[in-house]
file my_file.cif (mmCIF, C-alpha atoms)
data_query
loop_
_atom_site.label_atom_id
_atom_site.label_comp_id
_atom_site.auth_asym_id
_atom_site.auth_seq_id
_atom_site.Cartn_x
_atom_site.Cartn_y
_atom_site.Cartn_z
CA MET A 1 0.00 0.00 0.00
CA LEU A 2 1.37 3.40 -0.99
CA ASN A 3 1.64 5.68 2.04
CA LEU A 4 1.51 9.48 2.23
CA VAL A 5 5.27 9.98 2.66
CA GLN A 6 6.05 7.91 -0.45
CA SER A 7 3.37 9.79 -2.37
CA LEU A 8 4.86 13.15 -1.32
CA ARG A 9 8.35 12.05 -2.43
CA ILE A 10 7.08 10.92 -5.83
CA ALA A 11 5.00 14.12 -6.20
CA MET A 12 7.98 16.35 -5.29
CA GLY A 13 10.16 14.47 -7.75
CA SER A 14 7.60 14.98 -10.50
CA ILE A 15 7.31 18.70 -9.64
CA ARG A 16 11.11 19.17 -9.70
CA SER A 17 11.46 17.33 -13.00
CA ALA A 18 9.00 19.68 -14.74
CA LYS A 19 9.56 23.08 -13.17
CA MET A 20 7.91 25.14 -15.91
CA ARG A 21 4.81 22.95 -15.91
CA SER A 22 4.64 23.18 -12.12
CA ILE A 23 5.00 26.98 -12.21
CA LEU A 24 2.18 27.26 -14.75
CA THR A 25 0.03 24.95 -12.66
CA THR A 26 0.71 26.97 -9.52
CA LEU A 27 0.25 30.38 -11.18
CA GLY A 28 -3.54 30.14 -11.37
CA ILE A 29 -3.92 29.31 -7.70
CA VAL A 30 -1.40 32.02 -6.73
CA ILE A 31 -3.48 34.66 -8.49
CA GLY A 32 -6.74 33.30 -7.07
CA VAL A 33 -5.48 33.12 -3.48
CA ALA A 34 -3.79 36.53 -3.70
CA ALA A 35 -7.04 38.06 -4.90
CA LEU A 36 -9.00 36.25 -2.19
CA ILE A 37 -6.69 37.30 0.66
CA ALA A 38 -6.36 40.87 -0.59
CA ASN A 39 -10.12 41.26 -0.98
CA ILE A 40 -10.87 39.72 2.41
CA SER A 41 -8.43 42.15 4.05
CA LEU A 42 -9.77 45.10 2.07
CA GLY A 43 -13.33 44.19 3.02
CA ALA A 44 -12.40 44.08 6.71
CA SER A 45 -10.49 47.34 6.29
CA PHE A 46 -13.53 49.07 4.76
CA ASN A 47 -15.70 47.78 7.63
CA GLN A 48 -13.31 49.27 10.15
CA TYR A 49 -13.07 52.48 8.15
CA PHE A 50 -16.84 52.95 8.00
CA ALA A 51 -17.10 52.31 11.74
CA ASP A 52 -14.39 54.91 12.40
CA VAL A 53 -16.12 57.43 10.12
CA SER A 54 -19.40 57.03 11.98
CA LEU A 55 -17.73 57.42 15.37
CA SER A 56 -15.79 60.49 14.23
CA ALA A 57 -18.99 62.14 13.01
CA GLY A 58 -20.51 62.28 16.48
CA SER A 59 -21.76 60.50 19.57
CA ASN A 60 -25.33 59.13 19.45
CA TYR A 61 -26.50 62.19 17.55
CA ILE A 62 -30.04 63.02 16.48
CA VAL A 63 -30.43 65.95 14.10
CA VAL A 64 -33.59 67.96 13.44
CA PHE A 65 -33.52 69.96 10.20
CA GLY A 66 -36.03 72.68 9.40
CA LYS A 67 -37.54 72.31 5.93
CA GLU A 68 -38.88 75.84 6.12
CA PRO A 69 -37.08 79.07 7.04
CA ASN A 70 -37.59 80.54 10.50
CA LEU A 71 -38.99 77.24 11.82
CA LEU A 72 -36.72 76.22 14.70
CA HIS A 73 -36.35 78.51 17.71
CA ASP A 74 -35.67 78.28 21.45
CA ASN A 75 -39.10 76.73 22.10
CA GLU A 76 -38.36 73.83 19.75
CA MET A 77 -34.91 73.39 21.27
CA LYS A 78 -36.40 73.22 24.79
CA LEU A 79 -38.99 70.71 23.61
CA ILE A 80 -36.23 68.46 22.23
CA ASP A 81 -33.98 69.00 25.26
CA ASN A 82 -36.80 67.93 27.62
CA THR A 83 -37.38 64.68 25.72
CA PRO A 84 -36.47 61.61 27.84
CA GLY A 85 -33.18 60.13 26.64
CA ILE A 86 -31.57 63.43 25.54
CA VAL A 87 -28.39 64.29 27.45
CA SER A 88 -26.96 67.16 25.39
CA ILE A 89 -28.14 69.61 22.73
CA SER A 90 -26.88 72.41 20.50
CA PRO A 91 -28.48 74.64 17.88
CA PHE A 92 -26.69 74.79 14.54
CA LYS A 93 -26.84 77.65 12.05
CA GLY A 94 -24.68 78.37 9.02
CA LYS A 95 -24.07 81.65 7.24
CA SER A 96 -21.57 82.70 4.58
CA ALA A 97 -19.41 85.65 5.64
CA GLN A 98 -16.49 87.73 4.48
CA VAL A 99 -13.58 87.04 6.82
CA THR A 100 -10.58 89.37 6.89
CA TYR A 101 -7.20 88.65 8.43
CA PHE A 102 -4.68 91.48 8.02
CA SER A 103 -5.21 92.60 4.40
CA THR A 104 -6.63 89.32 3.02
CA SER A 105 -10.36 88.67 2.77
CA LYS A 106 -12.05 85.35 2.02
CA HIS A 107 -15.64 84.13 1.85
CA ILE A 108 -16.01 81.41 4.47
CA ASN A 109 -18.87 79.45 5.99
CA VAL A 110 -19.47 80.52 9.60
CA LEU A 111 -21.40 78.24 11.95
CA GLY A 112 -23.26 79.39 15.03
CA VAL A 113 -23.18 76.73 17.79
CA THR A 114 -23.05 76.27 21.57
CA GLU A 115 -20.49 74.59 23.80
CA ASP A 116 -22.31 71.23 23.75
CA LEU A 117 -21.46 70.72 20.08
CA GLU A 118 -17.90 69.75 21.03
CA GLU A 119 -19.12 66.63 22.82
CA ILE A 120 -21.92 65.77 20.40
CA THR A 121 -19.76 65.87 17.25
CA ASN A 122 -16.46 64.71 18.80
CA ILE A 123 -14.54 67.86 17.89
CA GLU A 124 -10.82 67.61 18.67
CA LEU A 125 -8.73 70.74 19.07
CA GLU A 126 -5.13 71.16 17.97
CA ASP A 127 -4.66 74.29 20.06
CA GLY A 128 -6.63 76.47 22.44
CA ALA A 129 -10.09 75.77 23.85
CA PHE A 130 -13.63 75.37 22.53
CA LEU A 131 -16.42 77.91 22.84
CA ASN A 132 -18.45 78.17 26.03
CA ASP A 133 -21.90 79.66 26.50
CA LYS A 134 -20.46 82.80 28.13
CA ASP A 135 -18.34 83.66 25.08
CA ARG A 136 -19.40 86.40 22.74
CA TYR A 137 -16.94 87.62 20.12
CA VAL A 138 -14.64 84.62 20.01
CA ALA A 139 -14.17 81.99 17.30
CA VAL A 140 -12.88 78.45 16.84
CA ILE A 141 -11.46 77.91 13.36
CA GLY A 142 -10.78 74.91 11.12
CA HIS A 143 -7.25 73.69 10.42
CA ASP A 144 -7.13 74.95 6.82
CA ILE A 145 -8.52 78.32 7.84
CA ALA A 146 -5.68 78.68 10.32
CA TYR A 147 -2.78 77.56 8.16
CA GLU A 148 -3.69 77.60 4.47
CA LYS A 149 -6.57 79.95 3.67
CA PHE A 150 -4.84 83.27 4.28
CA ASP A 151 -1.46 84.71 3.36
CA ARG A 152 -0.43 84.54 7.01
CA LYS A 153 -1.05 81.74 9.47
CA ILE A 154 -3.63 82.38 12.17
CA PHE A 155 -2.86 81.38 15.74
CA THR A 156 -4.90 81.41 18.93
CA ARG A 157 -5.45 84.89 20.39
CA ASN A 158 -5.12 86.45 16.92
CA SER A 159 -8.05 88.57 15.75
CA ILE A 160 -10.16 88.20 12.60
CA ASP A 161 -12.92 90.41 11.23
CA ILE A 162 -16.20 88.75 10.23
CA LYS A 163 -18.70 90.63 8.07
CA PHE A 164 -22.25 89.38 7.47
CA ARG A 165 -24.83 90.65 5.03
CA LYS A 166 -28.27 90.82 6.66
CA LYS A 167 -31.59 90.11 4.97
CA ASP A 168 -32.31 93.84 4.56
CA GLY A 169 -29.09 94.26 2.56
CA ASN A 170 -27.12 96.03 5.28
CA THR A 171 -23.80 94.61 6.44
CA ILE A 172 -22.41 94.25 9.93
CA ILE A 173 -18.81 93.57 10.90
CA ARG A 174 -17.28 92.53 14.22
CA THR A 175 -13.82 91.54 15.40
CA PHE A 176 -13.44 88.04 16.86
CA MET A 177 -10.57 86.62 18.86
CA VAL A 178 -9.46 83.12 17.83
CA LYS A 179 -9.94 80.90 20.87
CA GLY A 180 -9.16 77.49 19.38
CA ILE A 181 -7.98 75.66 16.25
CA ILE A 182 -9.64 72.40 15.21
CA GLU A 183 -7.42 69.42 14.49
CA LYS A 184 -6.91 68.46 10.85
CA LYS A 185 -9.61 66.08 9.67
CA LYS A 186 -8.62 62.72 8.23
CA GLU A 187 -9.41 62.28 4.56
CA HIS A 188 -12.43 60.08 3.98
CA PHE A 189 -15.42 59.60 1.71
CA PHE A 190 -17.94 61.05 4.16
CA ASN A 191 -17.91 64.54 5.58
CA SER A 192 -18.17 65.10 9.31
CA TRP A 193 -20.27 67.92 10.74
CA ILE A 194 -17.32 70.29 11.09
CA GLY A 195 -14.72 70.52 8.33
CA ASP A 196 -11.32 72.14 7.96
CA ASN A 197 -12.69 75.24 6.20
CA GLU A 198 -15.27 76.49 8.67
CA ILE A 199 -15.39 78.94 11.54
CA LEU A 200 -17.44 78.40 14.69
CA ILE A 201 -18.83 81.27 16.74
CA PRO A 202 -21.51 81.41 19.48
CA VAL A 203 -24.93 81.05 17.88
CA SER A 204 -26.27 83.86 20.10
CA THR A 205 -23.64 86.22 18.67
CA LEU A 206 -24.47 85.14 15.13
CA ASN A 207 -28.20 85.79 15.62
CA ASP A 208 -27.55 89.12 17.34
CA MET A 209 -25.47 90.30 14.40
CA LEU A 210 -28.08 89.15 11.88
CA GLY A 211 -31.05 90.37 13.90
CA GLU A 212 -32.58 86.89 13.84
CA ASP A 213 -33.64 84.31 16.40
CA ASP A 214 -34.04 81.05 14.45
CA TYR A 215 -31.76 78.03 13.93
CA GLY A 216 -31.10 76.01 10.80
CA ALA A 217 -30.89 72.74 12.70
CA ILE A 218 -30.79 71.33 16.22
CA ILE A 219 -28.31 68.57 17.10
CA ALA A 220 -29.01 66.47 20.18
CA MET A 221 -27.18 63.56 21.79
CA ALA A 222 -29.06 60.49 23.02
CA SER A 223 -28.01 58.61 26.14
CA GLY A 224 -26.91 55.58 24.12
CA LEU A 225 -26.80 54.07 20.65
CA ASP A 226 -29.15 51.29 21.75
CA THR A 227 -31.86 53.81 22.68
CA ILE A 228 -31.34 56.28 19.86
CA GLU A 229 -34.18 55.00 17.66
CA GLU A 230 -36.64 55.13 20.57
CA THR A 231 -35.52 58.66 21.49
CA ASP A 232 -35.73 59.73 17.84
CA GLU A 233 -39.33 58.49 17.72
CA LYS A 234 -40.24 60.43 20.87
CA ILE A 235 -38.82 63.64 19.40
CA ASP A 236 -40.71 63.02 16.16
CA LYS A 237 -44.03 62.64 18.01
CA ARG A 238 -43.43 65.73 20.15
CA LEU A 239 -42.51 67.90 17.17
CA ALA A 240 -45.45 66.59 15.15
CA ARG A 241 -47.88 67.60 17.90
CA HIS A 242 -46.07 70.93 18.30
CA PHE A 243 -46.40 71.77 14.60
CA GLY A 244 -49.94 70.41 14.26
CA VAL A 245 -49.14 67.32 12.18
CA SER A 246 -52.03 64.86 12.48
CA THR A 247 -51.49 61.32 13.74
CA ARG A 248 -52.47 59.80 10.39
CA ASP A 249 -49.70 61.83 8.70
CA MET A 250 -46.94 60.67 11.05
CA ASP A 251 -45.54 58.30 8.43
CA ASN A 252 -45.76 60.91 5.68
CA GLU A 253 -42.47 62.81 5.71
CA ASP A 254 -43.80 65.36 3.20
CA ALA A 255 -46.48 66.43 5.71
CA LYS A 256 -43.86 67.46 8.28
CA PRO A 257 -42.08 70.85 8.17
CA TYR A 258 -38.98 69.22 9.64
CA SER A 259 -36.86 66.11 9.05
CA LEU A 260 -34.99 63.83 11.44
CA ASN A 261 -31.75 61.95 11.05
CA ASN A 262 -29.77 59.93 13.59
CA GLN A 263 -26.51 58.04 13.91
CA ALA A 264 -28.19 54.61 13.89
CA GLU A 265 -29.65 55.36 10.44
CA ASP A 266 -26.25 56.50 9.17
CA LEU A 267 -24.67 53.34 10.58
CA GLU A 268 -27.25 51.23 8.78
CA ILE A 269 -26.45 52.96 5.49
CA LEU A 270 -22.73 52.42 6.06
CA ASP A 271 -23.36 48.77 6.91
CA GLN A 272 -25.31 48.31 3.68
CA LEU A 273 -22.50 49.94 1.72
CA SER A 274 -19.96 47.78 3.52
CA ASP A 275 -21.98 44.63 2.77
CA ALA A 276 -22.24 45.59 -0.89
CA LEU A 277 -18.48 46.14 -1.10
CA ALA A 278 -17.84 42.83 0.66
CA ALA A 279 -20.16 41.03 -1.77
CA LEU A 280 -18.41 42.64 -4.75
CA LEU A 281 -14.95 41.77 -3.44
CA THR A 282 -16.05 38.22 -2.66
CA ALA A 283 -17.44 37.80 -6.18
CA VAL A 284 -14.14 39.01 -7.66
CA SER A 285 -12.26 36.57 -5.42
CA LEU A 286 -14.47 33.63 -6.40
CA ILE A 287 -14.04 34.42 -10.09
CA ALA A 288 -10.27 34.51 -9.61
CA LEU A 289 -10.36 31.18 -7.76
CA ILE A 290 -12.54 29.58 -10.43
CA VAL A 291 -10.12 30.75 -13.11
CA GLY A 292 -7.25 29.38 -11.02
CA SER A 293 -8.96 26.01 -10.55
CA ILE A 294 -9.64 25.75 -14.29
CA GLY A 295 -5.97 26.47 -14.89
CA ILE A 296 -4.92 23.69 -12.50
CA MET A 297 -7.31 21.23 -14.13
CA ASN A 298 -6.10 22.07 -17.63
CA ILE A 299 -2.42 21.77 -16.74
CA MET A 300 -3.02 18.55 -14.80
CA LEU A 301 -4.85 17.08 -17.80
CA VAL A 302 -1.86 17.96 -19.96
CA THR A 303 0.37 16.40 -17.31
CA VAL A 304 -1.61 13.17 -17.42
CA THR A 305 -1.25 13.05 -21.20
CA GLU A 306 2.49 13.73 -21.03
CA ARG A 307 2.99 11.07 -18.36
CA THR A 308 0.89 8.33 -19.95
CA HIS A 309 3.91 6.07 -20.43
CA GLU A 310 5.02 6.71 -16.83
CA ILE A 311 1.53 5.76 -15.61
CA GLY A 312 1.76 2.52 -17.57
CA ILE A 313 5.12 1.71 -15.93
CA LEU A 314 3.71 2.43 -12.47
CA LYS A 315 0.77 0.11 -13.09
CA SER A 316 3.04 -2.62 -14.45
CA LEU A 317 5.04 -2.39 -11.22
CA GLY A 318 1.94 -3.15 -9.19
CA PHE A 319 0.47 0.31 -8.55
CA THR A 320 -3.30 0.04 -8.31
CA ASN A 321 -5.84 2.47 -9.72
CA SER A 322 -6.31 3.93 -6.24
CA ASN A 323 -2.52 4.35 -5.89
CA VAL A 324 -2.33 6.30 -9.15
CA LEU A 325 -5.38 8.34 -8.20
CA PHE A 326 -3.84 9.15 -4.83
CA LEU A 327 -0.48 10.11 -6.41
CA PHE A 328 -2.00 12.67 -8.75
CA ILE A 329 -4.29 14.08 -6.07
CA VAL A 330 -1.31 14.50 -3.71
CA GLU A 331 0.62 16.27 -6.48
CA SER A 332 -2.32 18.60 -7.10
CA VAL A 333 -2.64 19.36 -3.38
CA VAL A 334 1.11 20.01 -3.04
CA LEU A 335 0.95 22.47 -5.91
CA SER A 336 -2.12 24.10 -4.33
CA VAL A 337 -0.34 24.42 -0.98
CA PHE A 338 2.69 26.06 -2.62
CA GLY A 339 0.41 28.33 -4.61
CA GLY A 340 -1.68 29.08 -1.53
CA LEU A 341 1.35 30.07 0.56
CA LEU A 342 2.76 32.29 -2.17
CA GLY A 343 -0.67 33.74 -2.95
CA THR A 344 -1.30 34.47 0.74
CA GLY A 345 1.96 36.41 0.97
CA LEU A 346 1.24 38.35 -2.20
CA GLY A 347 -2.34 38.99 -1.05
CA VAL A 348 -1.22 40.43 2.30
CA VAL A 349 1.37 42.65 0.59
CA GLY A 350 -1.18 43.75 -2.00
CA ALA A 351 -3.81 44.49 0.65
CA TYR A 352 -1.34 46.46 2.76
CA SER A 353 -0.29 48.51 -0.29
CA ALA A 354 -3.91 49.22 -1.27
CA GLN A 355 -4.88 50.12 2.31
CA SER A 356 -1.92 52.49 2.61
CA LEU A 357 -2.65 54.07 -0.77
CA MET A 358 -6.33 54.66 0.10
CA LYS A 359 -5.45 55.65 3.69
CA LEU A 360 -7.58 52.87 5.14
CA PRO A 361 -6.97 51.09 8.46
CA ASN A 362 -4.55 48.17 8.13
CA VAL A 363 -6.74 45.18 9.03
CA PHE A 364 -5.70 41.57 8.44
CA PRO A 365 -8.21 39.12 9.97
CA ILE A 366 -6.09 36.00 10.59
CA GLU A 367 -9.04 33.62 10.80
CA LEU A 368 -10.38 34.77 7.43
CA ILE A 369 -6.94 34.55 5.83
CA VAL A 370 -6.58 30.98 7.12
CA ALA A 371 -10.05 30.18 5.81
CA GLY A 372 -9.15 31.69 2.43
CA PHE A 373 -5.99 29.57 2.25
CA ALA A 374 -7.96 26.45 3.18
CA VAL A 375 -10.48 27.22 0.43
CA SER A 376 -7.64 27.51 -2.09
CA VAL A 377 -6.31 24.07 -1.10
CA ILE A 378 -9.79 22.58 -1.40
CA VAL A 379 -10.23 24.19 -4.81
CA GLY A 380 -6.89 22.73 -5.91
CA LEU A 381 -7.91 19.31 -4.61
CA ILE A 382 -11.23 19.40 -6.47
CA ALA A 383 -9.53 20.60 -9.65
CA GLY A 384 -7.08 17.67 -9.48
CA VAL A 385 -9.66 14.94 -8.98
CA TYR A 386 -10.79 14.65 -12.62
CA PRO A 387 -7.28 14.48 -14.13
CA ALA A 388 -6.22 12.05 -11.38
CA ASN A 389 -9.24 9.85 -12.04
CA LYS A 390 -8.45 9.89 -15.77
CA ALA A 391 -4.90 8.76 -15.03
CA ALA A 392 -6.07 6.00 -12.66
CA ARG A 393 -8.47 4.52 -15.22
CA MET A 394 -5.87 4.17 -18.00
CA ASN A 395 -5.34 0.74 -19.44
CA THR A 396 -1.85 -0.52 -18.55
CA VAL A 397 -1.00 -1.96 -21.99
CA ASP A 398 -2.25 1.12 -23.87
CA ALA A 399 -0.31 3.37 -21.50
CA LEU A 400 2.92 1.40 -21.98
CA ARG A 401 2.56 1.64 -25.79
CA SER A 402 2.42 5.44 -25.53
CA GLU A 403 5.63 7.36 -26.14
#
call {"tool": "encode", "arguments": {"input": "my_file.cif", "output": "structure tokens"}}
result
Amino acid sequence: MLNLVQSLRIAMGSIRSAKMRSILTTLGIVIGVAALIANISLGASFNQYFADVSLSAGSNYIVVFGKEPNLLHDNEMKLIDNTPGIVSISPFKGKSAQVTYFSTSKHINVLGVTEDLEEITNIELEDGAFLNDKDRYVAVIGHDIAYEKFDRKIFTRNSIDIKFRKKDGNTIIRTFMVKGIIEKKKEHFFNSWIGDNEILIPVSTLNDMLGEDDYGAIIAMASGLDTIEETDEKIDKRLARHFGVSTRDMDNEDAKPYSLNNQAEDLEILDQLSDALAALLTAVSLIALIVGSIGIMNIMLVTVTERTHEIGILKSLGFTNSNVLFLFIVESVVLSVFGGLLGTGLGVVGAYSAQSLMKLPNVFPIELIVAGFAVSVIVGLIAGVYPANKAARMNTVDALRSE
């Protein structure tokens, strides 16, 4: 009976005697495994990236947007703030302004907020401190505003002039002291609430300058991600009653003068996108593996044809059909293992390069990589069964006559 060690020795001898054929046989599985490992790692990297993006955008946020002008005021903010499950809240109002630093003027988006926005949207400062509710003519500026927008760099305690145009056409200008500089945002596909090219000032100061008392949006923070949907629903019901939306129109978003968005909904969208990317990457990997397995089968069939005389000699020496079958299957598996190891290495290197190029987190799930390698070996085994079976069923006399 032919044992595994003898089979491995014969298989290795056959592989060494036909190096080019072995390389061609292995090439398909190398490409397939490399694609599989790289795509598995990229899929995990995208999952981590999307999770990081969501966390960087804020903490358990619920946002109320006004569909109509002059809709959201202090009364609406108090109504939301008094909703069970809300632990922090900030109004949010944007207005384009002309900002002057020394002799350079630029049009920049200015946001009116309160001190709670720092916690709700996870703002990180590079220098200085964030706004507080006692501040008046102070500003916190984005990274690019501080270091790239103007001819001279802006530092904390420097002064900038901000000029707004009011609805009646008149303009108003005030001098603001820079209190803090926001840390540079990481590049990603989704924008956070506060970018690198925005200026934050107290919303009370913004409204005083404009002669207004409304807010563009209200951002609140729920007590936890697990309760955010429930809290969102409570706010929706309270606002609907407040604005006279009937119960039968609660599911009709067009009947409401406001809209709601929360972090759980954004996470769901990101999860769907992540799943779609994972499915696409998996499909590409499977196609590559199928191509690789076809390549192994084709080369092994050629190998069987080339080694017909050798098969006849083996059978004349007493090798049974099962021995021949086992020999060719072992050879196919050995080639698959070599190809799997090389493909795994290339896949990890390729994934690391792609992740670095796209500035994604470097994630290499070991268990999935091992599973991918195991799949490649199984694919190689399956691809070698038909050629091995063909070799095993050869007639000994006909095989010996072959040259």
call {"tool": "resolve_selection", "arguments": {"input": "my_file.cif", "expression": "the PyMOL selection byres ((chain A and resi 68-82) around 9)", "output": "ChimeraX atom specification"}}
result
/A:64-67,83-91,212-218,220,235,238-239,242,257-258
call {"tool": "resolve_selection", "arguments": {"input": "my_file.cif", "expression": "the PyMOL selection byres ((chain A and resi 369) around 10)", "output": "PDB file with C-alpha atoms, keeping the file's coordinate frame"}}
result
ATOM      1  CA  VAL A  33      -5.480  33.120  -3.480  1.00  0.00           C
ATOM      2  CA  LEU A  36      -9.000  36.250  -2.190  1.00  0.00           C
ATOM      3  CA  ILE A  37      -6.690  37.300   0.660  1.00  0.00           C
ATOM      4  CA  ALA A  38      -6.360  40.870  -0.590  1.00  0.00           C
ATOM      5  CA  ILE A  40     -10.870  39.720   2.410  1.00  0.00           C
ATOM      6  CA  SER A  41      -8.430  42.150   4.050  1.00  0.00           C
ATOM      7  CA  THR A 344      -1.300  34.470   0.740  1.00  0.00           C
ATOM      8  CA  GLY A 347      -2.340  38.990  -1.050  1.00  0.00           C
ATOM      9  CA  VAL A 348      -1.220  40.430   2.300  1.00  0.00           C
ATOM     10  CA  PHE A 364      -5.700  41.570   8.440  1.00  0.00           C
ATOM     11  CA  PRO A 365      -8.210  39.120   9.970  1.00  0.00           C
ATOM     12  CA  ILE A 366      -6.090  36.000  10.590  1.00  0.00           C
ATOM     13  CA  GLU A 367      -9.040  33.620  10.800  1.00  0.00           C
ATOM     14  CA  LEU A 368     -10.380  34.770   7.430  1.00  0.00           C
ATOM     15  CA  VAL A 370      -6.580  30.980   7.120  1.00  0.00           C
ATOM     16  CA  ALA A 371     -10.050  30.180   5.810  1.00  0.00           C
ATOM     17  CA  GLY A 372      -9.150  31.690   2.430  1.00  0.00           C
ATOM     18  CA  PHE A 373      -5.990  29.570   2.250  1.00  0.00           C
ATOM     19  CA  ALA A 374      -7.960  26.450   3.180  1.00  0.00           C
ATOM     20  CA  VAL A 375     -10.480  27.220   0.430  1.00  0.00           C
TER      21      VAL A 375
END
call {"tool": "resolve_selection", "arguments": {"input": "my_file.cif", "expression": "the PyMOL selection byres ((chain A and resi 339) around 10)", "output": "VMD selection string"}}
result
chain A and resid 23 25 to 34 333 to 338 340 to 345 373 376 to 377 380
call {"tool": "residues_around", "arguments": {"input": "my_file.cif", "residues": "Glu229 (chain A)", "least_positions_apart": "3", "cutoff": "12 Å", "atoms": "only C-alpha atoms", "output": "count of residues only"}}
result
25
call {"tool": "closest_residue", "arguments": {"input": "my_file.cif", "among": "A:Ile299, A:Ile141, A:Ile173, A:Leu281", "to": "Asn197 (chain A)", "atoms": "only C-alpha atoms"}}
result
A:Ile141
call {"tool": "atom_distance", "arguments": {"input": "my_file.cif", "atom1": "CA of Asn158 (chain A)", "atom2": "CA of Gly112 (chain A)"}}
result
19.6 Å
call {"tool": "atom_distance", "arguments": {"input": "my_file.cif", "atom1": "CA of Ile219 (chain A)", "atom2": "CA of Thr231 (chain A)"}}
result
13.0 Å
call {"tool": "closest_residue", "arguments": {"input": "my_file.cif", "among": "A:Ala44, A:Ile287, A:Ile123, A:Leu206", "to": "Gln355 (chain A)", "atoms": "only C-alpha atoms"}}
result
A:Ala44
call {"tool": "closest_residue", "arguments": {"input": "my_file.cif", "among": "A:Lys95, A:Arg157, A:Lys185, A:Lys315", "to": "Ile199 (chain A)", "atoms": "only C-alpha atoms"}}
result
A:Lys95
call {"tool": "closest_residue", "arguments": {"input": "my_file.cif", "among": "A:Asp144, A:Asp151, A:Asp52, A:Glu230", "to": "Glu126 (chain A)", "atoms": "only C-alpha atoms"}}
result
A:Asp144
call {"tool": "residues_around", "arguments": {"input": "my_file.cif", "residues": "Glu183 (chain A)", "least_positions_apart": "3", "cutoff": "8 Å", "atoms": "only C-alpha atoms", "output": "ChimeraX atom specification"}}
result
/A:124-127,142-143
call {"tool": "atom_distance", "arguments": {"input": "my_file.cif", "atom1": "CA of Ser316 (chain A)", "atom2": "CA of Gly384 (chain A)"}}
result
23.2 Å
call {"tool": "closest_residue", "arguments": {"input": "my_file.cif", "among": "A:Leu325, A:Gly244, A:Asn362, A:Asn207", "to": "Lys167 (chain A)", "atoms": "all atoms listed in the file"}}
result
A:Asn207
call {"tool": "residues_near_point", "arguments": {"input": "my_file.cif", "point": "(-12.3, 45.9, 6.0)", "cutoff": "9 Å", "atoms": "all atoms listed in the file", "output": "MDAnalysis selection string"}}
result
chainID A and resid 39:50 274 278 360:365
call {"tool": "write_last_selection", "arguments": {"input": "my_file.cif", "atoms": "C-alpha atoms", "output": "PDB file, keeping the file's coordinate frame"}}
result
ATOM      1  CA  ASN A  39     -10.120  41.260  -0.980  1.00  0.00           C
ATOM      2  CA  ILE A  40     -10.870  39.720   2.410  1.00  0.00           C
ATOM      3  CA  SER A  41      -8.430  42.150   4.050  1.00  0.00           C
ATOM      4  CA  LEU A  42      -9.770  45.100   2.070  1.00  0.00           C
ATOM      5  CA  GLY A  43     -13.330  44.190   3.020  1.00  0.00           C
ATOM      6  CA  ALA A  44     -12.400  44.080   6.710  1.00  0.00           C
ATOM      7  CA  SER A  45     -10.490  47.340   6.290  1.00  0.00           C
ATOM      8  CA  PHE A  46     -13.530  49.070   4.760  1.00  0.00           C
ATOM      9  CA  ASN A  47     -15.700  47.780   7.630  1.00  0.00           C
ATOM     10  CA  GLN A  48     -13.310  49.270  10.150  1.00  0.00           C
ATOM     11  CA  TYR A  49     -13.070  52.480   8.150  1.00  0.00           C
ATOM     12  CA  PHE A  50     -16.840  52.950   8.000  1.00  0.00           C
ATOM     13  CA  SER A 274     -19.960  47.780   3.520  1.00  0.00           C
ATOM     14  CA  ALA A 278     -17.840  42.830   0.660  1.00  0.00           C
ATOM     15  CA  LEU A 360      -7.580  52.870   5.140  1.00  0.00           C
ATOM     16  CA  PRO A 361      -6.970  51.090   8.460  1.00  0.00           C
ATOM     17  CA  ASN A 362      -4.550  48.170   8.130  1.00  0.00           C
ATOM     18  CA  VAL A 363      -6.740  45.180   9.030  1.00  0.00           C
ATOM     19  CA  PHE A 364      -5.700  41.570   8.440  1.00  0.00           C
ATOM     20  CA  PRO A 365      -8.210  39.120   9.970  1.00  0.00           C
TER      21      PRO A 365
END
